[in-house]
Structure formats: C-alpha cells, structure tokens
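Reproduced below: work_11.cif, with mmCIF, C-alpha atoms.
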data_target
loop_
_atom_site.group_PDB
_atom_site.id
_atom_site.type_symbol
_atom_site.label_atom_id
_atom_site.label_comp_id
_atom_site.auth_asym_id
_atom_site.auth_seq_id
_atom_site.Cartn_x
_atom_site.Cartn_y
_atom_site.Cartn_z
ATOM 1 C CA MET G 1313 -3.907 -16.317 -4.254
ATOM 2 C CA ALA G 1314 -5.808 -14.573 -1.512
ATOM 3 C CA THR G 1315 -8.493 -11.924 -1.382
ATOM 4 C CA ASN G 1316 -9.446 -9.855 1.583
ATOM 5 C CA LEU G 1317 -11.374 -6.723 2.372
ATOM 6 C CA GLU G 1318 -8.868 -4.085 3.437
ATOM 7 C CA ILE G 1319 -10.241 -1.598 5.961
ATOM 8 C CA GLU G 1320 -7.648 0.841 7.151
ATOM 9 C CA PHE G 1321 -7.397 4.299 8.625
ATOM 10 C CA LYS G 1322 -4.447 6.494 7.733
ATOM 11 C CA ASN G 1323 -2.798 9.611 9.037
ATOM 12 C CA MET G 1324 0.367 11.406 8.039
ATOM 13 C CA LEU G 1325 2.961 11.804 10.797
ATOM 14 C CA THR G 1326 5.787 14.181 11.404
ATOM 15 C CA GLU G 1327 9.252 12.683 11.769
ATOM 16 C CA VAL G 1328 9.130 13.469 15.497
ATOM 17 C CA GLU G 1329 5.766 11.669 15.922
ATOM 18 C CA TYR G 1330 7.033 8.684 13.914
ATOM 19 C CA ASN G 1331 10.161 8.346 16.061
ATOM 20 C CA ARG G 1332 8.152 8.817 19.254
ATOM 21 C CA LEU G 1333 5.792 5.969 18.276
ATOM 22 C CA LEU G 1334 8.728 3.690 17.421
ATOM 23 C CA GLN G 1335 10.090 4.348 20.929
ATOM 24 C CA GLU G 1336 6.732 4.040 22.644
ATOM 25 C CA PHE G 1337 6.064 0.633 21.066
ATOM 26 C CA ASP G 1338 9.686 -0.432 21.613
ATOM 27 C CA ILE G 1339 10.279 -1.081 17.908
ATOM 28 C CA ASN G 1340 13.934 -1.543 16.990
ATOM 29 C CA GLU G 1341 15.692 -1.718 13.600
ATOM 30 C CA GLU G 1342 15.435 -5.533 13.458
ATOM 31 C CA GLN G 1343 11.620 -5.212 13.488
ATOM 32 C CA ILE G 1344 11.583 -2.823 10.521
ATOM 33 C CA TRP G 1345 11.783 -4.193 6.999
ATOM 34 C CA LEU G 1346 12.274 -2.609 3.601
ATOM 35 C CA GLN G 1347 9.813 -3.192 0.810
ATOM 36 C CA LYS G 1348 9.510 -1.722 -2.668
ATOM 37 C CA ASN G 1349 6.191 -1.075 -4.393
ATOM 38 C CA VAL G 1350 6.115 -0.816 -8.181
ATOM 39 C CA TYR G 1351 2.827 0.559 -9.563
ATOM 40 C CA PHE G 1352 1.348 -0.116 -13.002
ATOM 41 C CA ASP G 1353 -1.337 1.510 -15.138
ATOM 42 C CA THR G 1354 -1.998 2.273 -18.796
ATOM 43 C CA LYS G 1355 -1.030 5.528 -20.509
ATOM 44 C CA ASN G 1356 -4.705 6.533 -20.271
ATOM 45 C CA SER G 1357 -4.812 5.780 -16.513
ATOM 46 C CA ASP G 1358 -7.517 3.152 -17.025
ATOM 47 C CA LEU G 1359 -6.999 1.612 -13.578
ATOM 48 C CA LYS G 1360 -7.106 4.991 -11.866
ATOM 49 C CA HIS G 1361 -10.369 5.853 -13.662
ATOM 50 C CA LYS G 1362 -11.867 2.609 -12.369
ATOM 51 C CA GLU G 1363 -10.655 3.448 -8.829
ATOM 52 C CA ALA G 1364 -8.300 0.478 -8.895
ATOM 53 C CA ALA G 1365 -4.559 0.083 -8.365
ATOM 54 C CA LEU G 1366 -2.087 -2.571 -9.432
ATOM 55 C CA ARG G 1367 1.304 -3.085 -7.834
ATOM 56 C CA VAL G 1368 4.098 -5.541 -7.334
ATOM 57 C CA ARG G 1369 5.566 -5.552 -3.823
ATOM 58 C CA VAL G 1370 9.156 -6.721 -3.592
ATOM 59 C CA LYS G 1371 10.113 -7.831 -0.083
ATOM 60 C CA ASN G 1372 12.833 -10.250 1.057
ATOM 61 C CA ASN G 1373 13.331 -11.523 -2.502
ATOM 62 C CA THR G 1374 9.626 -12.345 -2.856
ATOM 63 C CA TYR G 1375 7.261 -10.788 -5.382
ATOM 64 C CA GLU G 1376 3.575 -10.239 -4.723
ATOM 65 C CA LEU G 1377 1.186 -8.912 -7.342
ATOM 66 C CA THR G 1378 -1.740 -7.002 -5.826
ATOM 67 C CA LEU G 1379 -4.879 -5.555 -7.358
ATOM 68 C CA LYS G 1380 -6.952 -3.208 -5.195
ATOM 69 C CA THR G 1381 -10.498 -2.328 -6.212
ATOM 70 C CA LYS G 1382 -12.801 0.053 -4.395
ATOM 71 C CA LYS G 1383 -15.756 -1.345 -2.462
ATOM 72 C CA GLU G 1384 -18.539 0.392 -0.545
ATOM 73 C CA ILE G 1385 -16.432 0.119 2.603
ATOM 74 C CA GLY G 1386 -12.720 -0.462 2.141
ATOM 75 C CA LEU G 1387 -10.847 -2.033 -0.734
ATOM 76 C CA LEU G 1388 -10.973 -5.540 -2.116
ATOM 77 C CA GLU G 1389 -7.363 -6.662 -2.220
ATOM 78 C CA THR G 1390 -6.405 -9.605 -4.418
ATOM 79 C CA ASN G 1391 -2.876 -10.944 -3.947
ATOM 80 C CA GLN G 1392 -0.935 -13.389 -6.083
ATOM 81 C CA SER G 1393 2.642 -14.556 -5.558
ATOM 82 C CA ILE G 1394 4.745 -14.323 -8.698
ATOM 83 C CA THR G 1395 8.337 -15.168 -9.543
ATOM 84 C CA LYS G 1396 11.129 -12.718 -10.236
ATOM 85 C CA THR G 1397 11.011 -13.815 -13.889
ATOM 86 C CA GLU G 1398 7.263 -13.091 -14.081
ATOM 87 C CA TYR G 1399 7.840 -9.705 -12.454
ATOM 88 C CA LYS G 1400 10.528 -8.792 -14.978
ATOM 89 C CA ALA G 1401 8.333 -9.972 -17.877
ATOM 90 C CA LEU G 1402 5.556 -7.665 -16.659
ATOM 91 C CA LYS G 1403 7.848 -4.727 -15.949
ATOM 92 C CA TYR G 1404 9.935 -4.817 -19.116
ATOM 93 C CA ASP G 1405 7.881 -6.704 -21.719
ATOM 94 C CA GLN G 1406 4.235 -6.124 -20.669
ATOM 95 C CA ILE G 1407 3.730 -9.902 -20.400
ATOM 96 C CA PHE G 1408 1.135 -10.526 -17.706
ATOM 97 C CA VAL G 1409 1.178 -13.706 -15.621
ATOM 98 C CA LYS G 1410 -1.963 -15.855 -15.809
ATOM 99 C CA GLY G 1411 -4.141 -16.128 -12.755
ATOM 100 C CA PRO G 1412 -6.931 -14.454 -10.800
ATOM 101 C CA ILE G 1413 -5.521 -10.933 -11.116
ATOM 102 C CA LEU G 1414 -5.334 -11.211 -14.901
ATOM 103 C CA ASP G 1415 -8.921 -12.466 -14.890
ATOM 104 C CA ALA G 1416 -10.034 -9.547 -12.681
ATOM 105 C CA LEU G 1417 -8.239 -6.989 -14.884
ATOM 106 C CA LEU G 1418 -9.867 -8.392 -18.006
ATOM 107 C CA GLU G 1419 -13.234 -8.273 -16.224
ATOM 108 C CA LEU G 1420 -12.568 -4.575 -15.492
ATOM 109 C CA GLY G 1421 -11.876 -4.042 -19.192
ATOM 110 C CA ILE G 1422 -8.165 -3.294 -18.743
ATOM 111 C CA ASP G 1423 -5.912 -3.989 -21.730
ATOM 112 C CA VAL G 1424 -3.042 -5.724 -19.920
ATOM 113 C CA ASN G 1425 -0.813 -5.393 -23.000
ATOM 114 C CA HIS G 1426 -0.646 -1.658 -22.330
ATOM 115 C CA LEU G 1427 0.283 -1.772 -18.641
ATOM 116 C CA HIS G 1428 3.569 -0.121 -17.753
ATOM 117 C CA VAL G 1429 5.348 1.140 -14.635
ATOM 118 C CA ILE G 1430 4.000 4.536 -13.621
ATOM 119 C CA THR G 1431 5.934 5.004 -10.383
ATOM 120 C CA ASP G 1432 7.629 3.208 -7.525
ATOM 121 C CA LEU G 1433 8.606 3.837 -3.956
ATOM 122 C CA ALA G 1434 10.466 2.228 -1.085
ATOM 123 C CA THR G 1435 9.051 1.909 2.417
ATOM 124 C CA LYS G 1436 10.577 0.985 5.755
ATOM 125 C CA ARG G 1437 7.708 -0.677 7.617
ATOM 126 C CA ALA G 1438 6.995 -1.817 11.152
ATOM 127 C CA GLU G 1439 3.798 -3.474 12.380
ATOM 128 C CA VAL G 1440 2.439 -3.989 15.867
ATOM 129 C CA ALA G 1441 -0.810 -5.537 17.136
ATOM 130 C CA TYR G 1442 -3.094 -2.953 18.738
ATOM 131 C CA GLU G 1443 -6.673 -3.204 20.071
ATOM 132 C CA GLY G 1444 -7.734 -6.024 17.753
ATOM 133 C CA GLY G 1445 -6.083 -4.546 14.664
ATOM 134 C CA VAL G 1446 -2.609 -3.818 13.335
ATOM 135 C CA LEU G 1447 -0.789 -0.505 13.629
ATOM 136 C CA VAL G 1448 1.583 0.118 10.734
ATOM 137 C CA LEU G 1449 4.366 2.695 10.861
ATOM 138 C CA ASP G 1450 5.755 3.606 7.444
ATOM 139 C CA LYS G 1451 8.695 5.734 6.401
ATOM 140 C CA SER G 1452 8.395 6.061 2.614
ATOM 141 C CA PHE G 1453 10.854 7.339 0.030
ATOM 142 C CA TYR G 1454 9.672 8.877 -3.255
ATOM 143 C CA GLY G 1455 12.768 10.117 -5.046
ATOM 144 C CA GLU G 1456 13.936 13.037 -2.903
ATOM 145 C CA ILE G 1457 10.837 13.071 -0.673
ATOM 146 C CA ILE G 1458 10.528 11.193 2.623
ATOM 147 C CA ASP G 1459 7.230 11.001 4.475
ATOM 148 C CA TYR G 1460 5.861 9.259 7.540
ATOM 149 C CA GLU G 1461 2.502 7.557 7.854
ATOM 150 C CA LEU G 1462 0.430 5.716 10.424
ATOM 151 C CA GLU G 1463 -2.055 3.076 9.270
ATOM 152 C CA TYR G 1464 -4.492 1.114 11.381
ATOM 153 C CA GLU G 1465 -5.779 -2.056 9.698
ATOM 154 C CA VAL G 1466 -8.985 -3.560 11.091
ATOM 155 C CA SER G 1467 -11.809 -5.915 10.225
ATOM 156 C CA ASP G 1468 -14.660 -3.682 11.464
ATOM 157 C CA PHE G 1469 -15.026 -0.132 10.138
ATOM 158 C CA GLU G 1470 -16.960 1.464 13.027
ATOM 159 C CA ASP G 1471 -14.873 -0.045 15.841
ATOM 160 C CA GLY G 1472 -11.658 0.702 13.936
ATOM 161 C CA LYS G 1473 -12.626 4.318 13.376
ATOM 162 C CA GLN G 1474 -13.295 4.876 17.081
ATOM 163 C CA ILE G 1475 -10.074 3.164 18.167
ATOM 164 C CA PHE G 1476 -8.026 5.111 15.603
ATOM 165 C CA GLU G 1477 -9.483 8.470 16.658
ATOM 166 C CA LYS G 1478 -8.803 7.662 20.345
ATOM 167 C CA PHE G 1479 -5.256 6.619 19.442
ATOM 168 C CA LEU G 1480 -4.548 9.929 17.688
ATOM 169 C CA LYS G 1481 -5.957 11.898 20.627
ATOM 170 C CA LYS G 1482 -4.080 9.834 23.221
ATOM 171 C CA HIS G 1483 -0.781 10.302 21.394
ATOM 172 C CA ARG G 1484 -1.412 13.996 20.655
ATOM 173 C CA ILE G 1485 -1.215 13.472 16.890
ATOM 174 C CA GLU G 1486 -2.895 16.098 14.754
ATOM 175 C CA ARG G 1487 -5.369 14.731 12.189
ATOM 176 C CA ARG G 1488 -3.632 14.824 8.794
ATOM 177 C CA PRO G 1489 -5.490 12.692 6.242
ATOM 178 C CA ALA G 1490 -3.155 10.619 4.067
ATOM 179 C CA LYS G 1491 -3.502 10.222 0.339
ATOM 180 C CA ASN G 1492 -2.684 6.712 -0.818
ATOM 181 C CA LYS G 1493 0.953 5.947 -1.574
ATOM 182 C CA ILE G 1494 0.506 5.686 -5.325
ATOM 183 C CA ARG G 1495 -0.940 9.211 -5.429
ATOM 184 C CA ARG G 1496 1.841 10.599 -3.224
ATOM 185 C CA ALA G 1497 4.453 8.916 -5.403
ATOM 186 C CA MET G 1498 2.874 10.310 -8.575
ATOM 187 C CA GLU G 1499 2.726 13.818 -7.088
ATOM 188 C CA ALA G 1500 6.388 13.567 -6.083
ATOM 189 C CA MET G 1501 7.277 12.896 -9.731
ATOM 190 C CA SER G 1502 5.513 16.022 -11.015
#
Let me see the file written as structure tokens.
Amino acid sequence: MATNLEIEFKNMLTEVEYNRLLQEFDINEEQIWLQKNVYFDTKNSDLKHKEAALRVRVKNNTYELTLKTKKEIGLLETNQSITKTEYKALKYDQIFVKGPILDALLELGIDVNHLHVITDLATKRAEVAYEGGVLVLDKSFYGEIIDYELEYEVSDFEDGKQIFEKFLKKHRIERRPAKNKIRRAMEAMS
C-alpha cells in the first residue's frame, strides 16, 4: 500500500497535437502501454458527493485498487495491489478486500456493500520525464469516443503550474481544461 499527494495539470489535446508530441519526444509503440480503469460508486453516487473516486487499474495482468480523495492542493491517492480474484469478487459480488482502502472508505461513511461498476475505459499511455516532473500522453477510449490528453505530474504546485503553462505555449497547444477521466467516461455513456 502506498499513499501520495497527486499534483497534476491536465489539458485536452487534438489528435494532431498528440501525434506531434509523440514524435517530438521520440516515443514509439513499445513505450506505450494499455491499461484499463474500472470505476466504482454507489447508486446514490456517495463517492462523487464526497469528491472521491475509486477505481481498479488493470495493467500487464496486475490489479491496483486506488482511492482518490480531494485535498486543499491536489488529491490524496491511496493505492493497494489486489489479486485478480479479489478484483472479480469486488466487481461481480460486491465483496471488498480488507486493507487501508476499505478502512478509508468506511471512515468516509461509504457502504462498501453497495459499490458497483459505474463505468470503465481503456487508455494507451506513454510517460516521459520533463523538467522535474512527468509528462503523460494519454489516448483514451470510452465506448465509441476517443480523446487525447496531456498530464503533467509534479511535486510542487507553483513550479509545476509555471512549467506546464510554458510547455503549452512552447508547443503551441491551446488551453483546453480536461475533466477527469471518470467524468468523461460517465458523460460518454449518457
């Protein structure tokens, strides 16, 4: 289990901008991986109302349970590795694996017996170190919709903001704020 404060800046990209950045950073297909995010909430959207999100990320036959909760700056991200069996028990039988995420959900007042899958998406992701942070290029698939996103993950909000703004200007990328993936996936379903 690990917790970390996630500070990231996001911007939607056009397909042309996405492909241009892949070329510019010399990213080839072998450096891009596929991951699937499966999001959970209750029928009453209890997590959403508490400005939290719960997902399982499936990548390279590994399963990582993640709870994100809003902080003053950024998100507190709690990660817990789970097995495929534990993932299936959660997804199909609403049986939640014991551990720090269960404890945090109970502390938030979430009835884990009522969690169910609300949406999922697949993402092709590439990451590259940049100016003390990590640039992330995502191509995400929500049913019939494909979108492109740039993320910049940093440890310092003010420095990260300045670097990100300079990056967008340098690469002639129009500012297009990005909603989080769970919201985009939910909107794609409606």
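Taken over the shown file, the PyMOL selection byres ((chain G and resi 1337) around 12) identifies Tyr1330, Asn1331, Arg1332, Leu1333, Leu1334, Gln1335, Glu1336, Asp1338, Ile1339, Asn1340, Gln1343, Ala1438, Glu1439, Val1440, Ala1441, Tyr1442, Leu1447, Val1448, Leu1449 and His1483 of chain G.
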>> From the options G:Tyr1404, G:Asn1492, G:Lys1436, G:Asp1353, which residue's atoms come nearest to Ser1452 of chain G, counting only C-alpha atoms?
In response: G:Lys1436
>> Give me the residues near Glu1398 of chain G as an NGL selection string, where near means some atom within 8 Å (using all atoms listed in the file) and where sequence neighbours in that chain fewer than 4 positions away do not count.
In response: :G and (1394 or 1402 or 1407-1409)
>> Which residues, named as in the file, does the PyMOL selection byres ((chain G and resi 1347) around 12) pick out? Answer as a PyMOL selection string.
In response: chain G and resi 1344-1346+1348-1350+1368-1376+1432-1438+1450-1453
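Using all atoms listed in the file, the nearest neighbour of Lys1491 of chain G within the list G:Asp1459, G:His1428, G:Lys1410, G:Gln1392 is G:Asp1459.
With distances taken over all atoms listed in the file, G:Leu1427 is the one residue among G:Val1328, G:Leu1427, G:Leu1317, G:Leu1387 lying closest to Leu1414 of chain G.
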> For Gly1444 of chain G, which of G:Ala1364, G:Ile1319, G:Ala1314, G:Val1466 is the closest residue, counting only C-alpha atoms?
Replying inline: G:Val1466
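Relative to atom CA of Ser1393 of chain G, atom CA of Leu1377 of chain G is found at 6.1 Å.
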>> If I take atom CA of Met1324 of chain G and atom CA of Glu1389 of chain G, how far is one from the other in Å, to one decimal?
In response: 22.2 Å
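Closest approach to Thr1315 of chain G among G:Val1429, G:Ala1401, G:Ile1413, G:Ala1365: G:Ile1413, based on only C-alpha atoms.
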> Near Phe1479 of chain G, within 12 Å and counting only C-alpha atoms, which residues show up once chain neighbours fewer than 5 positions away are dropped, as a PyMOL selection string?
Replying inline: chain G and resi 1321-1323+1333+1442-1443+1447+1462-1464+1472-1474+1484-1487
Output file for the selection above: C-alpha atoms, as a PDB file, in the coordinates of the input:
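The resulting again_37.pdb:
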ATOM      1  CA  PHE G1321      -7.397   4.299   8.625  1.00  0.00           C
ATOM      2  CA  LYS G1322      -4.447   6.494   7.733  1.00  0.00           C
ATOM      3  CA  ASN G1323      -2.798   9.611   9.037  1.00  0.00           C
ATOM      4  CA  LEU G1333       5.792   5.969  18.276  1.00  0.00           C
ATOM      5  CA  TYR G1442      -3.094  -2.953  18.738  1.00  0.00           C
ATOM      6  CA  GLU G1443      -6.673  -3.204  20.071  1.00  0.00           C
ATOM      7  CA  LEU G1447      -0.789  -0.505  13.629  1.00  0.00           C
ATOM      8  CA  LEU G1462       0.430   5.716  10.424  1.00  0.00           C
ATOM      9  CA  GLU G1463      -2.055   3.076   9.270  1.00  0.00           C
ATOM     10  CA  TYR G1464      -4.492   1.114  11.381  1.00  0.00           C
ATOM     11  CA  GLY G1472     -11.658   0.702  13.936  1.00  0.00           C
ATOM     12  CA  LYS G1473     -12.626   4.318  13.376  1.00  0.00           C
ATOM     13  CA  GLN G1474     -13.295   4.876  17.081  1.00  0.00           C
ATOM     14  CA  ARG G1484      -1.412  13.996  20.655  1.00  0.00           C
ATOM     15  CA  ILE G1485      -1.215  13.472  16.890  1.00  0.00           C
ATOM     16  CA  GLU G1486      -2.895  16.098  14.754  1.00  0.00           C
ATOM     17  CA  ARG G1487      -5.369  14.731  12.189  1.00  0.00           C
TER      18      ARG G1487
END
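If you look at atom CA of Arg1496 of chain G and atom CA of Asn1356 of chain G, they are 18.7 Å away from each other.
Nearest-residue note for Glu1419 of chain G: choosing from G:Glu1318, G:Glu1477, G:Lys1362, G:Ala1497, the minimum distance belongs to G:Lys1362, counting all atoms listed in the file.
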